[in-house]
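To be precise, the following lines are work_15.txt, and they hold compact mmCIF, C-alpha atoms and all ligand atoms.
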# COMPACT_ATOMS: atom_id res chain seq x y z
CA MET A 10 30.09 -150.88 -45.27
CA TYR A 11 31.08 -153.49 -47.84
CA LYS A 12 34.41 -151.76 -48.43
CA SER A 13 35.33 -151.69 -44.75
CA LEU A 14 34.34 -155.33 -44.42
CA VAL A 15 36.64 -156.22 -47.31
CA LEU A 16 39.47 -154.24 -45.73
CA ILE A 17 38.97 -155.99 -42.40
CA LEU A 18 39.00 -159.36 -44.15
CA ILE A 19 42.15 -158.53 -46.14
CA SER A 20 43.80 -157.17 -43.01
CA ALA A 21 42.92 -160.28 -41.00
CA LEU A 22 44.16 -162.54 -43.79
CA LEU A 23 47.45 -160.71 -44.14
CA ASN A 24 48.10 -160.51 -40.42
CA SER A 25 47.33 -164.19 -39.99
CA SER A 26 49.92 -165.07 -42.62
CA GLY A 27 52.62 -162.91 -41.08
CA PHE A 28 52.07 -159.87 -43.27
CA LEU A 29 51.64 -156.42 -41.82
CA PHE A 30 48.96 -154.34 -43.42
CA GLY A 31 50.38 -151.39 -45.32
CA LYS A 32 53.96 -152.61 -45.18
CA LEU A 33 55.87 -154.72 -47.62
CA ALA A 34 56.59 -158.12 -46.17
CA ALA A 35 59.32 -160.52 -47.21
CA PRO A 36 58.36 -162.97 -49.95
CA ALA A 37 56.32 -165.84 -48.58
CA ARG A 38 58.42 -168.80 -47.54
CA THR A 39 57.73 -172.23 -48.90
CA ASN A 40 59.09 -175.68 -48.18
CA ASN A 41 60.72 -175.75 -51.57
CA ALA A 42 64.40 -174.86 -51.07
CA VAL A 43 64.93 -174.09 -54.75
CA THR A 44 62.06 -171.59 -54.71
CA GLU A 45 63.54 -169.84 -51.69
CA LEU A 46 66.95 -169.57 -53.32
CA THR A 47 65.52 -168.01 -56.45
CA GLN A 48 63.56 -165.31 -54.64
CA PRO A 49 65.13 -161.90 -55.31
CA GLN A 50 66.96 -160.33 -52.41
CA ILE A 51 65.86 -156.73 -52.48
CA SER A 52 67.58 -154.03 -50.47
CA PRO A 53 65.50 -152.82 -47.46
CA GLN A 54 66.00 -149.32 -48.85
CA TYR A 55 63.74 -150.13 -51.80
CA LEU A 56 61.30 -152.25 -49.84
CA SER A 57 60.58 -149.24 -47.62
CA GLU A 58 59.73 -146.99 -50.59
CA SER A 59 56.09 -146.54 -51.55
CA ILE A 60 56.99 -146.83 -55.25
CA VAL A 61 60.32 -147.26 -57.02
CA PHE A 62 61.23 -144.93 -59.90
CA HIS A 63 64.90 -145.87 -60.34
CA GLY A 64 67.80 -147.76 -58.79
CA SER A 65 71.00 -146.54 -57.21
CA SER A 66 73.06 -143.89 -58.98
CA ALA A 67 76.21 -145.52 -57.58
CA SER A 68 76.72 -147.95 -60.46
CA ALA A 69 76.22 -147.83 -64.22
CA LYS A 70 73.30 -150.25 -64.35
CA LEU A 71 70.10 -149.93 -66.38
CA ALA A 72 66.92 -152.00 -66.12
CA LEU A 73 64.95 -152.53 -69.31
CA THR A 74 61.32 -153.37 -68.54
CA PHE A 75 58.67 -154.34 -71.10
CA ASP A 76 54.94 -154.26 -70.37
CA ALA A 77 52.60 -156.77 -72.02
CA ASP A 78 49.22 -155.01 -72.03
CA MET A 79 45.97 -156.85 -72.70
CA THR A 80 42.42 -155.55 -72.44
CA PRO A 81 39.20 -157.36 -73.39
CA GLY A 82 39.13 -155.16 -76.52
CA MET A 83 42.67 -156.18 -77.51
CA ALA A 84 41.89 -159.85 -76.83
CA ALA A 85 38.82 -159.62 -79.11
CA GLN A 86 41.03 -158.29 -81.92
CA MET A 87 43.06 -161.53 -81.75
CA ALA A 88 40.22 -163.16 -83.74
CA ASN A 89 42.21 -161.67 -86.62
CA PRO A 90 45.12 -164.13 -87.04
CA ASN A 91 47.43 -161.25 -88.01
CA ILE A 92 47.07 -159.72 -84.55
CA THR A 93 49.13 -161.45 -81.87
CA TRP A 94 50.08 -158.66 -79.43
CA TYR A 95 53.48 -160.32 -79.05
CA ASN A 96 56.63 -158.71 -80.41
CA ALA A 97 58.71 -161.82 -81.19
CA LYS A 98 61.23 -159.67 -83.05
CA LEU A 99 61.91 -157.71 -79.85
CA VAL A 100 62.55 -160.91 -77.89
CA ASP A 101 64.90 -162.05 -80.70
CA VAL A 102 66.89 -158.81 -80.30
CA LEU A 103 67.16 -159.37 -76.54
CA HIS A 104 68.42 -162.92 -77.18
CA GLN A 105 70.86 -161.92 -79.90
CA THR A 106 72.33 -159.20 -77.68
CA GLN A 107 72.00 -161.31 -74.49
CA THR A 108 70.21 -158.43 -72.76
CA PRO A 109 68.45 -159.22 -69.48
CA ALA A 110 65.01 -157.66 -68.99
CA THR A 111 62.00 -157.65 -66.69
CA LEU A 112 58.64 -158.38 -68.33
CA PHE A 113 55.47 -157.02 -66.72
CA LEU A 114 52.63 -159.26 -67.90
CA THR A 115 48.91 -158.66 -67.57
CA GLY A 116 46.94 -161.73 -66.50
CA MET A 117 44.92 -161.62 -69.72
CA TRP A 118 48.14 -161.61 -71.75
CA ILE A 119 49.28 -164.74 -69.90
CA GLU A 120 45.91 -166.38 -70.64
CA THR A 121 45.96 -165.43 -74.34
CA HIS A 122 49.64 -166.49 -74.72
CA PRO A 123 50.00 -169.56 -72.47
CA ASP A 124 52.86 -171.21 -74.38
CA ILE A 125 54.85 -168.02 -74.96
CA ALA A 126 54.35 -166.95 -71.32
CA LYS A 127 55.66 -170.34 -70.17
CA THR A 128 58.69 -170.09 -72.46
CA LEU A 129 59.47 -166.57 -71.25
CA SER A 130 59.09 -167.62 -67.62
CA ASN A 131 61.67 -170.40 -68.15
CA ASP A 132 64.12 -168.10 -69.93
CA PRO A 133 67.04 -167.18 -67.63
CA LEU A 134 67.41 -163.87 -69.47
CA PHE A 135 64.06 -162.64 -68.12
CA GLU A 136 62.13 -162.19 -64.91
CA LEU A 137 58.42 -161.47 -64.68
CA GLY A 138 56.24 -158.90 -62.92
CA ASN A 139 52.50 -158.23 -62.45
CA HIS A 140 50.88 -155.61 -64.73
CA SER A 141 47.27 -156.09 -63.47
CA TYR A 142 44.75 -158.52 -64.95
CA SER A 143 42.97 -156.57 -67.72
CA HIS A 144 44.92 -153.27 -67.82
CA PRO A 145 42.28 -150.89 -66.41
CA SER A 146 43.00 -147.45 -64.96
CA PHE A 147 43.46 -147.38 -61.19
CA SER A 148 43.11 -143.59 -61.16
CA ARG A 149 41.69 -141.17 -63.70
CA PRO A 150 42.54 -139.79 -66.16
CA CYS A 151 44.77 -142.53 -67.55
CA PHE A 152 45.23 -142.52 -71.32
CA GLY A 153 41.61 -143.53 -71.93
CA LEU A 154 41.96 -146.84 -70.05
CA LYS A 155 38.76 -148.25 -68.60
CA PRO A 156 38.26 -147.15 -64.99
CA ILE A 157 37.42 -149.65 -62.26
CA SER A 158 35.86 -149.36 -58.81
CA GLU A 159 37.82 -149.67 -55.57
CA ASN A 160 36.19 -153.07 -55.00
CA GLU A 161 37.54 -154.41 -58.29
CA LYS A 162 41.15 -153.45 -57.61
CA PRO A 163 42.28 -156.32 -55.35
CA ALA A 164 41.29 -158.96 -57.94
CA GLN A 165 43.27 -157.09 -60.60
CA ILE A 166 46.34 -157.76 -58.48
CA THR A 167 45.63 -161.22 -57.07
CA LYS A 168 44.40 -162.93 -60.26
CA THR A 169 47.70 -162.15 -61.98
CA GLN A 170 49.70 -163.15 -58.91
CA VAL A 171 48.10 -166.61 -59.15
CA LEU A 172 48.84 -166.83 -62.88
CA LEU A 173 52.46 -165.76 -62.35
CA LYS A 174 52.92 -168.30 -59.58
CA SER A 175 51.58 -171.04 -61.83
CA LEU A 176 54.21 -170.03 -64.41
CA THR A 177 57.23 -169.53 -62.20
CA GLY A 178 56.44 -171.52 -59.05
CA LYS A 179 57.30 -168.54 -56.87
CA ASP A 180 55.62 -165.46 -55.44
CA ASN A 181 56.11 -162.50 -57.76
CA LEU A 182 57.40 -159.36 -56.07
CA TYR A 183 56.77 -156.55 -58.59
CA PHE A 184 53.65 -154.66 -59.66
CA ARG A 185 53.34 -152.00 -62.33
CA PHE A 186 50.18 -149.90 -62.61
CA PRO A 187 48.54 -149.80 -66.06
CA GLY A 188 49.55 -146.52 -67.65
CA GLY A 189 51.55 -145.78 -64.49
CA CYS A 190 48.37 -144.27 -62.97
CA TYR A 191 47.71 -144.65 -59.24
CA THR A 192 46.56 -142.92 -56.07
CA LYS A 193 48.17 -143.02 -52.64
CA ASN A 194 45.57 -145.62 -51.59
CA ASP A 195 46.50 -147.78 -54.57
CA LEU A 196 50.13 -147.84 -53.42
CA ALA A 197 49.02 -149.03 -49.97
CA LEU A 198 46.80 -151.66 -51.57
CA VAL A 199 49.62 -153.07 -53.72
CA LYS A 200 51.99 -153.11 -50.76
CA SER A 201 49.37 -154.85 -48.61
CA PHE A 202 49.74 -157.83 -50.95
CA GLY A 203 53.50 -157.92 -50.35
CA LEU A 204 54.27 -156.35 -53.73
CA LEU A 205 56.63 -153.54 -54.63
CA PRO A 206 55.16 -150.95 -57.06
CA ILE A 207 57.62 -150.22 -59.88
CA GLN A 208 57.39 -147.05 -61.97
CA TRP A 209 60.14 -145.80 -64.30
CA ASN A 210 62.25 -142.72 -65.01
CA SER A 211 62.78 -143.25 -68.74
CA GLU A 212 60.31 -144.01 -71.52
CA GLY A 213 60.32 -143.79 -75.32
CA PRO A 214 57.46 -143.41 -75.23
CA ASP A 215 56.97 -146.31 -77.65
CA SER A 216 53.16 -146.49 -77.47
CA PHE A 217 51.52 -145.58 -80.80
CA ASN A 218 54.81 -143.93 -81.76
CA THR A 219 56.35 -144.58 -85.20
CA ASP A 220 59.23 -142.10 -84.83
CA THR A 221 62.06 -144.56 -84.15
CA ASN A 222 64.81 -141.92 -84.05
CA LYS A 223 62.88 -139.73 -81.63
CA ILE A 224 62.26 -142.66 -79.27
CA ILE A 225 65.97 -143.59 -79.35
CA ALA A 226 66.96 -139.96 -78.72
CA ASN A 227 64.60 -139.77 -75.71
CA LEU A 228 66.00 -142.98 -74.25
CA LYS A 229 69.58 -141.72 -74.67
CA ARG A 230 68.70 -138.42 -73.01
CA TYR A 231 67.34 -140.13 -69.88
CA THR A 232 70.10 -142.74 -69.57
CA HIS A 233 71.78 -142.41 -66.17
CA ASN A 234 73.05 -144.77 -63.50
CA GLY A 235 70.10 -146.72 -62.08
CA THR A 236 67.57 -145.79 -64.79
CA ILE A 237 64.44 -147.94 -65.12
CA ILE A 238 63.20 -147.88 -68.73
CA VAL A 239 59.63 -148.72 -69.68
CA LEU A 240 58.79 -150.01 -73.16
CA HIS A 241 56.23 -152.51 -74.46
CA LEU A 242 56.09 -156.16 -75.51
CA ASP A 243 52.84 -155.99 -77.51
CA GLY A 244 54.27 -154.70 -80.78
CA GLU A 245 52.01 -154.23 -83.81
CA LYS A 246 50.07 -150.97 -83.88
CA ASN A 247 50.33 -150.35 -80.12
CA SER A 248 54.14 -150.28 -79.97
CA PRO A 249 55.33 -150.72 -83.56
CA LYS A 250 58.98 -149.65 -83.31
CA THR A 251 60.20 -151.19 -80.07
CA ALA A 252 62.40 -153.90 -81.64
CA GLU A 253 64.18 -151.38 -83.91
CA VAL A 254 64.59 -148.95 -81.01
CA VAL A 255 66.10 -151.53 -78.69
CA SER A 256 68.44 -152.94 -81.34
CA ALA A 257 69.98 -149.46 -81.66
CA TYR A 258 69.76 -148.40 -78.02
CA ILE A 259 71.35 -151.49 -76.41
CA PRO A 260 74.72 -151.27 -78.22
CA TRP A 261 74.81 -147.51 -77.73
CA ALA A 262 74.23 -147.78 -73.95
CA ARG A 263 76.88 -150.49 -73.66
CA SER A 264 79.34 -148.31 -75.59
CA GLN A 265 78.75 -145.64 -72.92
CA GLY A 266 79.74 -148.11 -70.19
CA TYR A 267 76.26 -149.15 -69.01
CA GLU A 268 75.27 -152.68 -68.09
CA PHE A 269 71.71 -153.98 -68.53
CA VAL A 270 70.35 -155.93 -65.56
CA LYS A 271 67.03 -157.31 -64.33
CA LEU A 272 65.14 -155.28 -61.74
CA SER A 273 66.17 -157.74 -59.05
CA ASP A 274 69.82 -157.01 -59.81
CA LEU A 275 69.22 -153.26 -59.93
CA LEU A 276 67.44 -153.21 -56.56
CA LYS A 277 69.40 -155.74 -54.51
ZN ZN B 1 50.61 -151.18 -69.72
Output the file's structure in the form of structure tokens.
Amino acid sequence: MYKSLVLILISALLNSSGFLFGKLAAPARTNNAVTELTQPQISPQYLSESIVFHGSSASAKLALTFDADMTPGMAAQMANPNITWYNAKLVDVLHQTQTPATLFLTGMWIETHPDIAKTLSNDPLFELGNHSYSHPSFSRPCFGLKPISENEKPAQITKTQVLLKSLTGKDNLYFRFPGGCYTKNDLALVKSFGLLPIQWNSEGPDSFNTDTNKIIANLKRYTHNGTIIVLHLDGEKNSPKTAEVVSAYIPWARSQGYEFVKLSDLLK
């Protein structure tokens, strides 16, 4: 009963604002001309997909994406001043090599890193995406992430949309599921908010992995035109080798003729 009421309310809200339930709508228009100009122009081909795994194979472009996870447990560990959950060294490598990237931030990461999040949002090298609010699992099993109820899912999306808009001044277009775990209903839910779910087709994986050479070898193996690569921005014990990996992988991929671009450039 409650669930259907919520759905009716969401549906009514979306329809009243020009959105169609279950379909991805164009980014919301505002009166601010600058905001309109900076909205990504995504190809209708991608907007019609239920979830995007990679870009076109027609050109030698790669999209590096970095997820900034944050759970209540991780936030509590920040009482220890040595734990920051921010891999500054990785961002230095991206700057030194002038490598564009898309950063998927959880809402809690934005709240625990307000100044860094603001700096990243102003950095022309990067664009931002939504990685949920507190990194729960949308479908089980999902790497031991905390499960949530159906009723809790919309807020996981909308709270971070609000935080991202306060950082960038525009409506974010991308959503990545924590752990990449989702059901068919979750895809429809994300799209009902005008967001495009983004998965990946290459990963280190860099989570809890200290084997730098193995991660680099995996990334090389899955490097093709249009590849979307997922790695992590948290650093420390959760993704300890990402900076070293990227500092070796970026020059190698460029030597093979690949160009790194933001998601918006891969999907336009
Ligand atoms: Zn994540």
Exercise. So which residues are near ligand ZN 1 (chain B), meaning at most 8 Å away with all atoms listed in the file counted, given back as a VMD selection string?
Worked result: chain A and resid 76 to 79 115 140 144 185 to 189 241
Exercise. Given the choices A:Tyr95, A:Ile125, A:Ala69, A:Tyr142, which gets closest to Ser264 of chain A if the distance is worked out from all atoms listed in the file?
Worked result: A:Ala69
For this session: Would you kindly return, as a ChimeraX atom specification, each protein, DNA or RNA residue with an atom no farther than 6 Å from any atom of segment 210-213 of chain A, considering all atoms listed in the file and excluding same-chain residues fewer than 2 positions away?
Result: /A:62,215,224,227-228,231,237-239
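Counting all atoms listed in the file, the residue from A:Gln105, A:Ser256, A:Thr121, A:Gln170 that sits nearest to Ala88 of chain A is A:Thr121.
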Exercise. Between A:Val171, A:Val199, A:Leu112, A:Leu272, which has the minimum distance to Leu71 of chain A (counting all atoms listed in the file)?
Worked result: A:Leu272
Problem set entry | Two-atom distance - atom CA of Ser52 of chain A, atom CA of Arg263 of chain A (Å) | 25.2 Å
Problem set entry | Pick from A:Lys127, A:Ser141, A:Leu176, A:Ser66, whichever lies nearest to Glu161 of chain A using only C-alpha atoms |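 Smallest distance to Glu161 of chain A is found for A:Ser141.
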Problem set entry | Distance criterion (all atoms listed in the file): nearest to Tyr258 of chain A out of A:Leu114, A:Val270, A:Leu154, A:Ala226 | A:Ala226
